[in-house]
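Asker: For reference, the file query19.pdb (PDB, C-alpha atoms and all ligand atoms) is included below:
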```pdb
MODEL        1
ATOM      1  CA  GLU X 254      13.377 -27.541 -19.582
ATOM      2  CA  GLU X 255      16.810 -27.686 -17.971
ATOM      3  CA  GLN X 256      15.604 -25.396 -15.204
ATOM      4  CA  ARG X 257      12.539 -27.590 -14.660
ATOM      5  CA  LEU X 258      14.609 -30.736 -14.278
ATOM      6  CA  ALA X 259      17.016 -28.953 -11.971
ATOM      7  CA  TYR X 260      14.103 -27.884  -9.750
ATOM      8  CA  ARG X 261      12.771 -31.431  -9.649
ATOM      9  CA  GLU X 262      16.147 -32.852  -8.599
ATOM     10  CA  ARG X 263      16.591 -30.130  -6.004
ATOM     11  CA  ILE X 264      13.166 -30.858  -4.509
ATOM     12  CA  LYS X 265      13.905 -34.588  -4.329
ATOM     13  CA  THR X 266      17.133 -33.924  -2.456
ATOM     14  CA  LEU X 267      15.576 -31.381  -0.101
ATOM     15  CA  LEU X 268      12.649 -33.671   0.726
ATOM     16  CA  ARG X 269      15.133 -36.320   1.858
ATOM     17  CA  GLU X 270      17.290 -33.859   3.776
ATOM     18  CA  ARG X 271      14.349 -32.353   5.597
ATOM     19  CA  ASP X 272      12.580 -35.641   6.371
ATOM     20  CA  ALA X 273       9.628 -34.286   4.401
ATOM     21  CA  VAL X 274       6.948 -35.940   2.283
ATOM     22  CA  LEU X 275       4.829 -34.406  -0.461
ATOM     23  CA  VAL X 276       1.028 -34.670  -0.153
ATOM     24  CA  ALA X 277      -0.680 -33.488  -3.350
ATOM     25  CA  HIS X 278      -4.231 -33.147  -4.632
ATOM     26  CA  TYR X 279      -5.428 -34.367  -8.056
ATOM     27  CA  TYR X 280      -6.134 -30.757  -9.098
ATOM     28  CA  THR X 281      -2.503 -29.652  -8.866
ATOM     29  CA  ASP X 282      -0.473 -29.505 -12.056
ATOM     30  CA  PRO X 283       0.835 -32.812 -13.489
ATOM     31  CA  GLU X 284       4.351 -31.629 -12.652
ATOM     32  CA  ILE X 285       3.507 -31.625  -8.946
ATOM     33  CA  GLN X 286       1.502 -34.842  -9.040
ATOM     34  CA  SER X 287       4.297 -36.762 -10.755
ATOM     35  CA  LEU X 288       6.822 -35.420  -8.264
ATOM     36  CA  ALA X 289       4.684 -36.635  -5.362
ATOM     37  CA  GLU X 290       4.480 -40.063  -7.005
ATOM     38  CA  GLU X 291       8.213 -40.271  -7.665
ATOM     39  CA  THR X 292       9.180 -39.303  -4.140
ATOM     40  CA  GLY X 293       6.923 -41.662  -2.198
ATOM     41  CA  GLY X 294       4.340 -39.025  -1.377
ATOM     42  CA  CYS X 295       0.670 -39.233  -2.229
ATOM     43  CA  VAL X 296      -1.656 -37.877  -4.883
ATOM     44  CA  SER X 297      -5.254 -38.263  -3.832
ATOM     45  CA  ASP X 298      -8.611 -36.777  -2.918
ATOM     46  CA  SER X 299      -8.990 -34.614   0.147
ATOM     47  CA  LEU X 300     -10.023 -37.415   2.528
ATOM     48  CA  GLU X 301      -7.068 -39.586   1.550
ATOM     49  CA  MET X 302      -4.719 -36.599   1.833
ATOM     50  CA  ALA X 303      -5.843 -36.093   5.444
ATOM     51  CA  ARG X 304      -5.352 -39.765   6.231
ATOM     52  CA  PHE X 305      -1.975 -40.014   4.512
ATOM     53  CA  GLY X 306      -0.606 -36.919   6.266
ATOM     54  CA  LYS X 307      -1.711 -38.188   9.657
ATOM     55  CA  ASP X 308      -0.343 -41.713   9.210
ATOM     56  CA  HIS X 309       2.973 -40.946   7.481
ATOM     57  CA  PRO X 310       6.060 -41.119   9.731
ATOM     58  CA  ALA X 311       7.839 -38.085   8.200
ATOM     59  CA  SER X 312       8.310 -35.152  10.587
ATOM     60  CA  THR X 313       7.437 -32.585   7.891
ATOM     61  CA  LEU X 314       4.568 -32.474   5.397
ATOM     62  CA  ILE X 315       4.615 -30.397   2.224
ATOM     63  CA  VAL X 316       0.975 -30.001   1.237
ATOM     64  CA  ALA X 317       0.398 -29.104  -2.409
ATOM     65  CA  GLY X 318      -3.224 -28.104  -2.639
ATOM     66  CA  VAL X 319      -5.185 -25.334  -0.962
ATOM     67  CA  LYS X 320      -5.014 -23.898   2.521
ATOM     68  CA  PHE X 321      -7.747 -25.942   4.164
ATOM     69  CA  MET X 322      -5.778 -29.079   3.252
ATOM     70  CA  GLY X 323      -2.665 -27.744   4.971
ATOM     71  CA  GLU X 324      -4.694 -26.743   8.030
ATOM     72  CA  THR X 325      -6.363 -30.146   8.189
ATOM     73  CA  ALA X 326      -2.954 -31.831   8.054
ATOM     74  CA  LYS X 327      -1.647 -29.617  10.868
ATOM     75  CA  ILE X 328      -4.701 -30.137  13.074
ATOM     76  CA  LEU X 329      -4.462 -33.917  12.685
ATOM     77  CA  SER X 330      -0.681 -33.922  13.291
ATOM     78  CA  PRO X 331       0.152 -31.021  15.625
ATOM     79  CA  GLU X 332       3.631 -32.456  16.208
ATOM     80  CA  LYS X 333       4.541 -32.259  12.506
ATOM     81  CA  ARG X 334       5.663 -29.151  10.674
ATOM     82  CA  VAL X 335       3.362 -28.456   7.731
ATOM     83  CA  PHE X 336       4.360 -26.218   4.813
ATOM     84  CA  MET X 337       2.674 -25.214   1.577
ATOM     85  CA  PRO X 338       4.289 -23.813  -1.578
ATOM     86  CA  THR X 339       2.115 -20.763  -0.932
ATOM     87  CA  LEU X 340      -0.327 -19.868   1.806
ATOM     88  CA  GLU X 341      -2.169 -17.684  -0.716
ATOM     89  CA  ALA X 342      -3.838 -20.779  -2.175
ATOM     90  CA  THR X 343      -7.336 -20.543  -0.772
ATOM     91  CA  CYS X 344     -10.765 -21.760  -1.911
ATOM     92  CA  SER X 345     -13.969 -19.900  -2.792
ATOM     93  CA  LEU X 346     -15.931 -22.116  -0.379
ATOM     94  CA  ASP X 347     -13.626 -21.216   2.502
ATOM     95  CA  ILE X 348     -13.740 -17.497   1.593
ATOM     96  CA  GLY X 349     -17.536 -17.591   1.347
ATOM     97  CA  CYS X 350     -18.018 -18.949   4.865
ATOM     98  CA  PRO X 351     -16.585 -16.475   7.397
ATOM     99  CA  GLU X 352     -16.304 -17.694  10.964
ATOM    100  CA  GLN X 353     -18.545 -15.137  12.700
ATOM    101  CA  GLU X 354     -21.437 -15.278  10.222
ATOM    102  CA  PHE X 355     -21.302 -19.033  10.260
ATOM    103  CA  SER X 356     -21.298 -19.150  14.034
ATOM    104  CA  ASP X 357     -24.358 -16.835  14.107
ATOM    105  CA  PHE X 358     -26.110 -19.117  11.605
ATOM    106  CA  CYS X 359     -25.437 -22.104  13.879
ATOM    107  CA  ASP X 360     -26.717 -20.169  16.910
ATOM    108  CA  GLN X 361     -29.979 -19.538  15.068
ATOM    109  CA  HIS X 362     -30.485 -23.291  14.582
ATOM    110  CA  PRO X 363     -29.407 -24.942  17.828
ATOM    111  CA  ASP X 364     -31.551 -28.022  17.099
ATOM    112  CA  ARG X 365     -29.471 -28.987  14.056
ATOM    113  CA  THR X 366     -26.370 -31.168  13.820
ATOM    114  CA  VAL X 367     -23.644 -29.078  12.198
ATOM    115  CA  VAL X 368     -21.883 -30.793   9.281
ATOM    116  CA  VAL X 369     -19.210 -28.868   7.403
ATOM    117  CA  TYR X 370     -17.336 -29.697   4.254
ATOM    118  CA  ALA X 371     -13.557 -30.062   4.597
ATOM    119  CA  ASN X 372     -13.220 -26.946   2.380
ATOM    120  CA  THR X 373     -13.519 -24.594   5.376
ATOM    121  CA  SER X 374     -11.256 -22.759   7.830
ATOM    122  CA  ALA X 375     -10.094 -24.278  11.099
ATOM    123  CA  ALA X 376     -12.412 -21.862  12.935
ATOM    124  CA  VAL X 377     -15.469 -23.100  11.044
ATOM    125  CA  LYS X 378     -14.485 -26.723  11.653
ATOM    126  CA  ALA X 379     -14.088 -25.944  15.346
ATOM    127  CA  ARG X 380     -17.794 -25.016  15.431
ATOM    128  CA  ALA X 381     -18.894 -28.253  13.719
ATOM    129  CA  ASP X 382     -20.113 -31.622  14.975
ATOM    130  CA  TRP X 383     -18.841 -33.350  11.833
ATOM    131  CA  VAL X 384     -16.435 -32.634   8.991
ATOM    132  CA  VAL X 385     -16.911 -34.508   5.697
ATOM    133  CA  THR X 386     -15.435 -34.659   2.234
ATOM    134  CA  SER X 387     -17.413 -35.404  -0.903
ATOM    135  CA  SER X 388     -16.405 -39.083  -0.825
ATOM    136  CA  ILE X 389     -18.403 -39.819   2.344
ATOM    137  CA  ALA X 390     -20.951 -36.976   2.457
ATOM    138  CA  VAL X 391     -23.973 -39.011   1.320
ATOM    139  CA  GLU X 392     -23.230 -41.926   3.661
ATOM    140  CA  LEU X 393     -22.777 -39.627   6.636
ATOM    141  CA  ILE X 394     -25.995 -37.680   6.012
ATOM    142  CA  GLU X 395     -27.899 -40.981   5.560
ATOM    143  CA  HIS X 396     -26.446 -42.167   8.860
ATOM    144  CA  LEU X 397     -27.434 -38.979  10.709
ATOM    145  CA  ASP X 398     -30.893 -39.024   9.103
ATOM    146  CA  ARG X 399     -31.454 -42.583  10.335
ATOM    147  CA  ASN X 400     -30.700 -41.298  13.842
ATOM    148  CA  GLY X 401     -33.453 -38.705  13.361
ATOM    149  CA  GLU X 402     -31.036 -35.763  13.247
ATOM    150  CA  LYS X 403     -31.750 -32.559  11.345
ATOM    151  CA  ILE X 404     -28.719 -31.157   9.553
ATOM    152  CA  LEU X 405     -27.150 -27.735   9.136
ATOM    153  CA  TRP X 406     -24.811 -28.011   6.138
ATOM    154  CA  ALA X 407     -22.059 -25.626   4.998
ATOM    155  CA  PRO X 408     -20.697 -24.196   2.841
ATOM    156  CA  ASP X 409     -21.330 -25.747  -0.625
ATOM    157  CA  LYS X 410     -24.967 -25.404  -1.668
ATOM    158  CA  HIS X 411     -24.634 -27.762  -4.645
ATOM    159  CA  LEU X 412     -23.099 -30.585  -2.643
ATOM    160  CA  GLY X 413     -25.617 -29.787   0.117
ATOM    161  CA  SER X 414     -28.634 -30.144  -2.156
ATOM    162  CA  TYR X 415     -27.143 -33.281  -3.715
ATOM    163  CA  VAL X 416     -26.759 -35.021  -0.333
ATOM    164  CA  ARG X 417     -30.189 -33.772   0.758
ATOM    165  CA  ASP X 418     -31.820 -35.356  -2.303
ATOM    166  CA  LYS X 419     -29.803 -38.571  -2.128
ATOM    167  CA  ALA X 420     -30.411 -39.118   1.574
ATOM    168  CA  GLY X 421     -33.905 -37.618   1.691
ATOM    169  CA  ALA X 422     -32.801 -35.830   4.857
ATOM    170  CA  ASP X 423     -33.757 -32.507   6.446
ATOM    171  CA  VAL X 424     -30.780 -30.368   5.390
ATOM    172  CA  LEU X 425     -30.554 -26.605   5.824
ATOM    173  CA  CYS X 426     -27.853 -25.215   3.533
ATOM    174  CA  TRP X 427     -25.368 -22.356   3.652
ATOM    175  CA  ASP X 428     -25.140 -20.434   0.370
ATOM    176  CA  GLY X 429     -21.623 -21.115  -0.933
ATOM    177  CA  ALA X 430     -20.205 -22.452  -4.200
ATOM    178  CA  CYS X 431     -16.985 -23.507  -5.878
ATOM    179  CA  ILE X 432     -16.089 -21.072  -8.671
ATOM    180  CA  VAL X 433     -14.649 -23.894 -10.775
ATOM    181  CA  HIS X 434     -17.525 -26.380 -10.675
ATOM    182  CA  GLU X 435     -20.229 -23.762 -10.793
ATOM    183  CA  GLU X 436     -19.219 -22.961 -14.383
ATOM    184  CA  PHE X 437     -20.160 -26.340 -15.841
ATOM    185  CA  LYS X 438     -23.249 -26.238 -18.048
ATOM    186  CA  ALA X 439     -25.713 -29.099 -18.595
ATOM    187  CA  GLN X 440     -26.506 -27.987 -22.138
ATOM    188  CA  GLY X 441     -22.846 -28.052 -23.078
ATOM    189  CA  VAL X 442     -22.510 -31.586 -21.713
ATOM    190  CA  LEU X 443     -25.605 -32.718 -23.651
ATOM    191  CA  ASP X 444     -24.259 -31.166 -26.866
ATOM    192  CA  LEU X 445     -20.924 -32.923 -26.385
ATOM    193  CA  LYS X 446     -22.743 -36.185 -25.772
ATOM    194  CA  LYS X 447     -24.290 -35.899 -29.249
ATOM    195  CA  ALA X 448     -20.783 -36.036 -30.704
ATOM    196  CA  TYR X 449     -19.759 -38.851 -28.329
ATOM    197  CA  PRO X 450     -22.962 -40.821 -27.710
ATOM    198  CA  ASP X 451     -21.154 -43.631 -25.888
ATOM    199  CA  ALA X 452     -19.323 -41.336 -23.484
ATOM    200  CA  ALA X 453     -20.071 -41.693 -19.783
ATOM    201  CA  VAL X 454     -20.548 -38.475 -17.829
ATOM    202  CA  LEU X 455     -18.479 -38.163 -14.632
ATOM    203  CA  VAL X 456     -19.437 -35.292 -12.346
ATOM    204  CA  HIS X 457     -18.068 -33.896  -9.078
ATOM    205  CA  PRO X 458     -20.967 -33.029  -6.736
ATOM    206  CA  GLU X 459     -19.814 -29.409  -6.344
ATOM    207  CA  SER X 460     -21.365 -28.945  -9.820
ATOM    208  CA  PRO X 461     -24.860 -27.468 -10.266
ATOM    209  CA  ALA X 462     -27.868 -29.812  -9.901
ATOM    210  CA  SER X 463     -28.637 -29.651 -13.646
ATOM    211  CA  VAL X 464     -25.212 -31.173 -14.396
ATOM    212  CA  VAL X 465     -25.396 -33.710 -11.547
ATOM    213  CA  GLU X 466     -28.760 -34.884 -12.952
ATOM    214  CA  ILE X 467     -27.266 -35.995 -16.253
ATOM    215  CA  ALA X 468     -24.268 -37.738 -14.687
ATOM    216  CA  ASP X 469     -23.599 -41.458 -14.957
ATOM    217  CA  VAL X 470     -21.356 -41.240 -11.890
ATOM    218  CA  VAL X 471     -21.234 -38.553  -9.189
ATOM    219  CA  GLY X 472     -18.326 -38.686  -6.760
ATOM    220  CA  SER X 473     -15.157 -37.350  -5.218
ATOM    221  CA  THR X 474     -12.046 -37.053  -7.374
ATOM    222  CA  SER X 475     -10.855 -40.545  -6.326
ATOM    223  CA  GLN X 476     -14.261 -42.030  -7.015
ATOM    224  CA  LEU X 477     -14.387 -40.449 -10.489
ATOM    225  CA  ILE X 478     -10.915 -41.803 -11.308
ATOM    226  CA  LYS X 479     -11.984 -45.260 -10.149
ATOM    227  CA  ALA X 480     -15.074 -45.070 -12.357
ATOM    228  CA  ALA X 481     -12.970 -44.010 -15.348
ATOM    229  CA  CYS X 482     -10.825 -47.130 -14.880
ATOM    230  CA  GLU X 483     -13.609 -49.599 -14.202
ATOM    231  CA  MET X 484     -16.326 -48.594 -16.670
ATOM    232  CA  ASP X 485     -16.305 -50.136 -20.136
ATOM    233  CA  ASN X 486     -16.933 -46.876 -22.020
ATOM    234  CA  ASP X 487     -14.247 -45.696 -24.432
ATOM    235  CA  ALA X 488     -14.889 -42.024 -23.725
ATOM    236  CA  PHE X 489     -15.736 -39.896 -20.690
ATOM    237  CA  ILE X 490     -17.039 -36.365 -20.296
ATOM    238  CA  VAL X 491     -15.582 -35.091 -17.048
ATOM    239  CA  ALA X 492     -17.083 -32.229 -15.043
ATOM    240  CA  THR X 493     -14.374 -31.368 -12.544
ATOM    241  CA  ASP X 494     -11.003 -29.584 -12.444
ATOM    242  CA  LYS X 495      -8.877 -30.596 -15.429
ATOM    243  CA  GLY X 496      -5.952 -31.490 -13.157
ATOM    244  CA  ILE X 497      -7.710 -34.849 -12.792
ATOM    245  CA  PHE X 498      -6.938 -35.796 -16.417
ATOM    246  CA  TYR X 499      -3.319 -36.506 -15.525
ATOM    247  CA  LYS X 500      -4.261 -39.503 -13.378
ATOM    248  CA  MET X 501      -7.123 -40.649 -15.619
ATOM    249  CA  GLN X 502      -4.889 -40.733 -18.677
ATOM    250  CA  GLN X 503      -2.118 -42.430 -16.747
ATOM    251  CA  LEU X 504      -4.389 -45.225 -15.507
ATOM    252  CA  ALA X 505      -6.503 -45.617 -18.667
ATOM    253  CA  PRO X 506      -4.312 -44.452 -21.586
ATOM    254  CA  GLU X 507      -6.517 -46.151 -24.188
ATOM    255  CA  LYS X 508      -9.582 -44.105 -23.212
ATOM    256  CA  THR X 509     -10.634 -40.612 -24.309
ATOM    257  CA  PHE X 510     -11.262 -37.958 -21.667
ATOM    258  CA  LEU X 511     -13.164 -34.820 -22.600
ATOM    259  CA  GLU X 512     -13.558 -31.637 -20.584
ATOM    260  CA  ALA X 513     -17.164 -30.812 -19.780
ATOM    261  CA  PRO X 514     -17.982 -27.412 -21.325
ATOM    262  CA  THR X 515     -18.089 -24.374 -19.044
ATOM    263  CA  ALA X 516     -20.228 -21.249 -19.219
ATOM    264  CA  GLY X 517     -17.633 -19.138 -20.953
ATOM    265  CA  SER X 518     -14.212 -19.436 -22.442
ATOM    266  CA  GLY X 519     -11.095 -17.288 -22.502
ATOM    267  CA  ALA X 520     -11.678 -13.911 -20.913
ATOM    268  CA  THR X 521     -15.318 -14.643 -20.042
ATOM    269  CA  CYS X 522     -14.443 -17.741 -18.058
ATOM    270  CA  ARG X 523     -13.350 -17.148 -14.500
ATOM    271  CA  SER X 524     -11.752 -20.506 -13.943
ATOM    272  CA  CYS X 525     -12.022 -22.554 -17.168
ATOM    273  CA  ALA X 526     -12.166 -25.849 -15.280
ATOM    274  CA  HIS X 527      -8.944 -25.228 -13.428
ATOM    275  CA  CYS X 528      -8.825 -23.925  -9.889
ATOM    276  CA  PRO X 529      -6.710 -20.741  -9.807
ATOM    277  CA  TRP X 530      -5.583 -21.533  -6.259
ATOM    278  CA  MET X 531      -4.549 -25.094  -6.997
ATOM    279  CA  ALA X 532      -2.552 -23.686  -9.925
ATOM    280  CA  MET X 533      -0.430 -21.618  -7.519
ATOM    281  CA  ASN X 534       1.494 -24.740  -6.484
ATOM    282  CA  GLY X 535       4.626 -24.788  -8.618
ATOM    283  CA  LEU X 536       8.165 -26.114  -8.650
ATOM    284  CA  GLN X 537       9.734 -22.757  -7.934
ATOM    285  CA  ASN X 538       7.778 -21.921  -4.791
ATOM    286  CA  MET X 539       8.210 -25.483  -3.582
ATOM    287  CA  VAL X 540      11.990 -25.186  -3.859
ATOM    288  CA  ALA X 541      11.827 -21.851  -2.022
ATOM    289  CA  VAL X 542       9.850 -23.322   0.863
ATOM    290  CA  LEU X 543      12.160 -26.308   1.198
ATOM    291  CA  GLU X 544      15.310 -24.179   1.001
ATOM    292  CA  ASP X 545      14.282 -21.650   3.580
ATOM    293  CA  ASP X 546      15.575 -23.067   6.854
ATOM    294  CA  ASN X 547      12.895 -21.374   8.858
ATOM    295  CA  GLY X 548      10.336 -21.702   6.118
ATOM    296  CA  MET X 549       8.314 -19.477   8.383
ATOM    297  CA  GLY X 550       6.731 -17.610   5.526
ATOM    298  CA  GLN X 551       4.779 -20.576   4.245
ATOM    299  CA  GLU X 552       4.376 -22.686   7.357
ATOM    300  CA  ILE X 553       0.887 -23.561   8.567
ATOM    301  CA  PHE X 554       0.063 -22.590  12.137
ATOM    302  CA  VAL X 555      -3.347 -23.162  13.657
ATOM    303  CA  ASP X 556      -4.414 -21.545  16.946
ATOM    304  CA  PRO X 557      -4.056 -24.439  19.434
ATOM    305  CA  VAL X 558      -7.444 -23.783  21.042
ATOM    306  CA  LEU X 559      -9.212 -23.932  17.666
ATOM    307  CA  ALA X 560      -7.097 -26.890  16.589
ATOM    308  CA  GLU X 561      -8.089 -28.910  19.619
ATOM    309  CA  LYS X 562     -11.772 -28.272  18.908
ATOM    310  CA  ALA X 563     -11.480 -28.906  15.162
ATOM    311  CA  MET X 564      -9.619 -32.143  15.737
ATOM    312  CA  VAL X 565     -12.755 -33.754  17.189
ATOM    313  CA  PRO X 566     -15.004 -33.561  14.059
ATOM    314  CA  LEU X 567     -11.980 -34.253  11.820
ATOM    315  CA  ASN X 568     -11.185 -37.487  13.643
ATOM    316  CA  ARG X 569     -14.876 -38.396  13.475
ATOM    317  CA  MET X 570     -14.619 -37.970   9.714
ATOM    318  CA  LEU X 571     -11.611 -40.297   9.522
ATOM    319  CA  ASP X 572     -13.269 -42.909  11.734
ATOM    320  CA  PHE X 573     -16.533 -42.763   9.789
ATOM    321  CA  GLY X 574     -14.694 -43.053   6.477
ATOM    322  CA  GLN X 575     -12.924 -46.306   7.455
TER     323      GLN X 575
HETATM  324  P1  LIG P 601     -12.200 -34.193  -3.355
HETATM  325  O1  LIG P 601     -10.812 -34.454  -3.821
HETATM  326  O2  LIG P 601     -12.375 -34.648  -1.946
HETATM  327  O3  LIG P 601     -13.214 -34.765  -4.275
HETATM  328  O4  LIG P 601     -12.404 -32.612  -3.264
HETATM  329  C1  LIG P 601     -12.510 -31.790  -4.325
HETATM  330  C2  LIG P 601     -12.121 -30.393  -4.044
HETATM  331  O5  LIG P 601     -12.756 -29.472  -4.381
HETATM  332  C3  LIG P 601     -10.876 -30.107  -3.396
HETATM  333  O6  LIG P 601     -10.650 -28.789  -3.578
HETATM  334 FE1  LIG P 602     -12.134 -24.709  -3.687
HETATM  335 FE2  LIG P 602     -13.270 -25.268  -5.974
HETATM  336 FE3  LIG P 602     -10.673 -24.768  -5.904
HETATM  337 FE4  LIG P 602     -11.654 -27.047  -4.851
HETATM  338  S1  LIG P 602     -11.680 -26.449  -6.981
HETATM  339  S2  LIG P 602     -10.149 -25.675  -3.942
HETATM  340  S3  LIG P 602     -13.621 -26.358  -4.067
HETATM  341  S4  LIG P 602     -12.322 -23.329  -5.422
ENDMDL
END
```
Show how you would write the structure in this file as structure tokens.

Answerer:
Amino acid sequence: EEQRLAYRERIKTLLRERDAVLVAHYYTDPEIQSLAEETGGCVSDSLEMARFGKDHPASTLIVAGVKFMGETAKILSPEKRVFMPTLEATCSLDIGCPEQEFSDFCDQHPDRTVVVYANTSAAVKARADWVVTSSIAVELIEHLDRNGEKILWAPDKHLGSYVRDKAGADVLCWDGACIVHEEFKAQGVLDLKKAYPDAAVLVHPESPASVVEIADVVGSTSQLIKAACEMDNDAFIVATDKGIFYKMQQLAPEKTFLEAPTAGSGATCRSCAHCPWMAMNGLQNMVAVLEDDNGMGQEIFVDPVLAEKAMVPLNRMLDFGQ
């Protein structure tokens, strides 16, 4: 406990000394989220993280999340230095969508508008017409569909089929998935609902269609938190990374938040509703990054040619999301 508090104080001092601000995602550990709050940083969904990083005057961003979030921050603010507690923090969607295969897929469908989820590498974004996050995916696909455009969507197949159904658009999907959300099971949610009949079901759209179907609200992390605050229900069954409970409990302490059941538990569960890469962001590696004067080990660099290309669909995303 003493060590923990010492780390927190050290980080606060170093953030000031290095003109740095902490940009954290709702899936990081409560320790990291509270530190971001206390130091004037942000805790938010991936779209708001991108916006905050771009607009903030600090010369250095410490991104606590996964690699695509650090890359997005760097692409949108090439003049800032961007660090992460560890560059090892990746994402199964990013891993499952390699640049060359994706580029070949696009070449096979030249008539389609290419829309990629933010959870992708800079190289994949550079090949895209649009980047989106879950908070604006349906609106964007509806907009493109109204213009008569056919869509090529990557990499999350669950989010892809959700937006296809919602917008009634022609969407061809890449076959990727999030290892955390893919584990949620509709039957488990229905069983839990028997014990809590008044509970509302909040679901992130990276979950399988069978879980999305029984949701009361489907949305990005920020949208789910908003729903938890605004809805009258006393209890909520939440199908997304359990990191989100920190903010839900903070904003609605009188309500009960229940984890949606996953396929397995213990050794049989690969992720148990917590992203293993998000969990890599800790106090100790954050101190190390801030203390290292060069910080070169954990600094984000994006090839300038790719960055220039990827900046176009990323800025489109920010403009569309206004
Ligand atoms: P949002 O915060 O945009 O809902 O994204 C969820 C996610 O999977 C980030 O890893
Ligand atoms: Fe990727 Fe899923 Fe982890 Fe989000 S929760 S970073 S989508 S693996």

Asker: For each of X:Arg304, X:Lys479, X:Lys265, X:Lys333, take the minimum atom-to-atom distance to Glu290 in chain X, counting only C-alpha atoms, then give the residue where this is smallest.

Answerer: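 That would be X:Lys265, the residue with the smallest distance to Glu290 in chain X.
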
Asker: How would you write, as a ChimeraX atom specification, the residues chosen by the PyMOL selection byres (((chain X and resi 388) around 9) and not hetatm) on this structure?

Answerer: /X:298-300,385-387,389-392,472-476,574

Asker: Selected by the PyMOL selection byres (((chain X and resi 332) around 12) and not hetatm) in the shown coordinates: which residues, as a list in words?

Answerer: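 What the PyMOL selection byres (((chain X and resi 332) around 12) and not hetatm) grabs from the file is Gly306, Lys307, Pro310, Ala311, Ser312, Thr313, Leu314, Ala326, Lys327, Ile328, Leu329, Ser330, Pro331, Lys333, Arg334, Val335, Phe554, Val555 and Pro557 of chain X.
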
Asker: Quick one: axis-aligned box around all listed atoms of ligand LIG 602 (chain P), 5 Å on every side, centre and edge lengths in Å to one decimal, written as JSON.

Answerer:
```
{"center_x": -11.9, "center_y": -25.2, "center_z": -5.3, "size_x": 13.5, "size_y": 13.7, "size_z": 13.3}
```

Asker: Between chain X and ligand LIG 602 (chain P), at 7 Å or less, what are the per-residue closest atom pairs and their distances in Å? Count all atoms listed in the file, order by chain and rising residue number, and return it as a tab-separated table.

Answerer:
```
residue	atom	partner	partner_atom	distance
X:Val319	CA	P:LIG602	S2	5.8
X:Thr343	CA	P:LIG602	S2	6.7
X:Cys344	CA	P:LIG602	FE1	3.7
X:Ser345	CA	P:LIG602	S4	4.6
X:Leu346	CA	P:LIG602	FE1	5.7
X:Asn372	CA	P:LIG602	S3	6.5
X:Cys431	CA	P:LIG602	FE2	4.1
X:Ile432	CA	P:LIG602	S4	5.5
X:Val433	CA	P:LIG602	FE2	5.2
X:His434	CA	P:LIG602	FE2	6.4
X:Asp494	CA	P:LIG602	S1	6.3
X:Cys528	CA	P:LIG602	FE3	4.5
X:Pro529	CA	P:LIG602	FE3	6.9
X:Trp530	CA	P:LIG602	FE3	6.0
X:Met531	CA	P:LIG602	FE3	6.2
```

Asker: Nearest to ligand LIG 601 (chain P): which of X:Phe305, X:Phe489, X:Phe336, X:Tyr370 is it, counting only C-alpha atoms and all ligand atoms?

Answerer: X:Tyr370

Asker: Anything within 10 Å of (12.2, -29.0, -10.0): list those residues as a list in words, counting all atoms listed in the file and sticking to the file's coordinates.

Answerer: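 Counting all atoms listed in the file, I find these residues within 10 Å of (12.2, -29.0, -10.0): Glu254, Glu255, Gln256, Arg257, Leu258, Ala259, Tyr260, Arg261, Glu262, Arg263, Ile264, Lys265, Glu284, Ile285, Leu288, Gly535, Leu536, Gln537, Asn538, Met539 and Val540 of chain X.
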
Asker: Any chance you could work out the residue set of the PyMOL selection byres (((chain X and resi 321) around 8) and not hetatm) here, as a PDB file with C-alpha atoms, keeping the file's coordinate frame?

Answerer:
```pdb
ATOM      1  CA  VAL X 319      -5.185 -25.334  -0.962  1.00  0.00           C
ATOM      2  CA  LYS X 320      -5.014 -23.898   2.521  1.00  0.00           C
ATOM      3  CA  MET X 322      -5.778 -29.079   3.252  1.00  0.00           C
ATOM      4  CA  GLY X 323      -2.665 -27.744   4.971  1.00  0.00           C
ATOM      5  CA  GLU X 324      -4.694 -26.743   8.030  1.00  0.00           C
ATOM      6  CA  THR X 325      -6.363 -30.146   8.189  1.00  0.00           C
ATOM      7  CA  THR X 343      -7.336 -20.543  -0.772  1.00  0.00           C
ATOM      8  CA  CYS X 344     -10.765 -21.760  -1.911  1.00  0.00           C
ATOM      9  CA  ASP X 347     -13.626 -21.216   2.502  1.00  0.00           C
ATOM     10  CA  ALA X 371     -13.557 -30.062   4.597  1.00  0.00           C
ATOM     11  CA  ASN X 372     -13.220 -26.946   2.380  1.00  0.00           C
ATOM     12  CA  THR X 373     -13.519 -24.594   5.376  1.00  0.00           C
ATOM     13  CA  SER X 374     -11.256 -22.759   7.830  1.00  0.00           C
ATOM     14  CA  ALA X 375     -10.094 -24.278  11.099  1.00  0.00           C
TER      15      ALA X 375
END
```

Asker: Which residues come within 9 Å of Gln440 in chain X, counting only C-alpha atoms, excluding same-chain residues fewer than 3 positions away, as a PyMOL selection string?

Answerer: chain X and resi 443-445+463-464+514

Asker: Please compute the CA of Leu477 in chain X-CA of Val368 in chain X distance, one decimal, in Å.

Answerer: 23.2 Å

Asker: Taking into account all atoms listed in the file, which residue in the set X:His309, X:Lys447, X:Lys495, X:Lys508 is nearest to ligand LIG 601 (chain P)?

Answerer: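 Among the listed residues, the smallest separation from ligand LIG 601 (chain P) belongs to X:Lys495.
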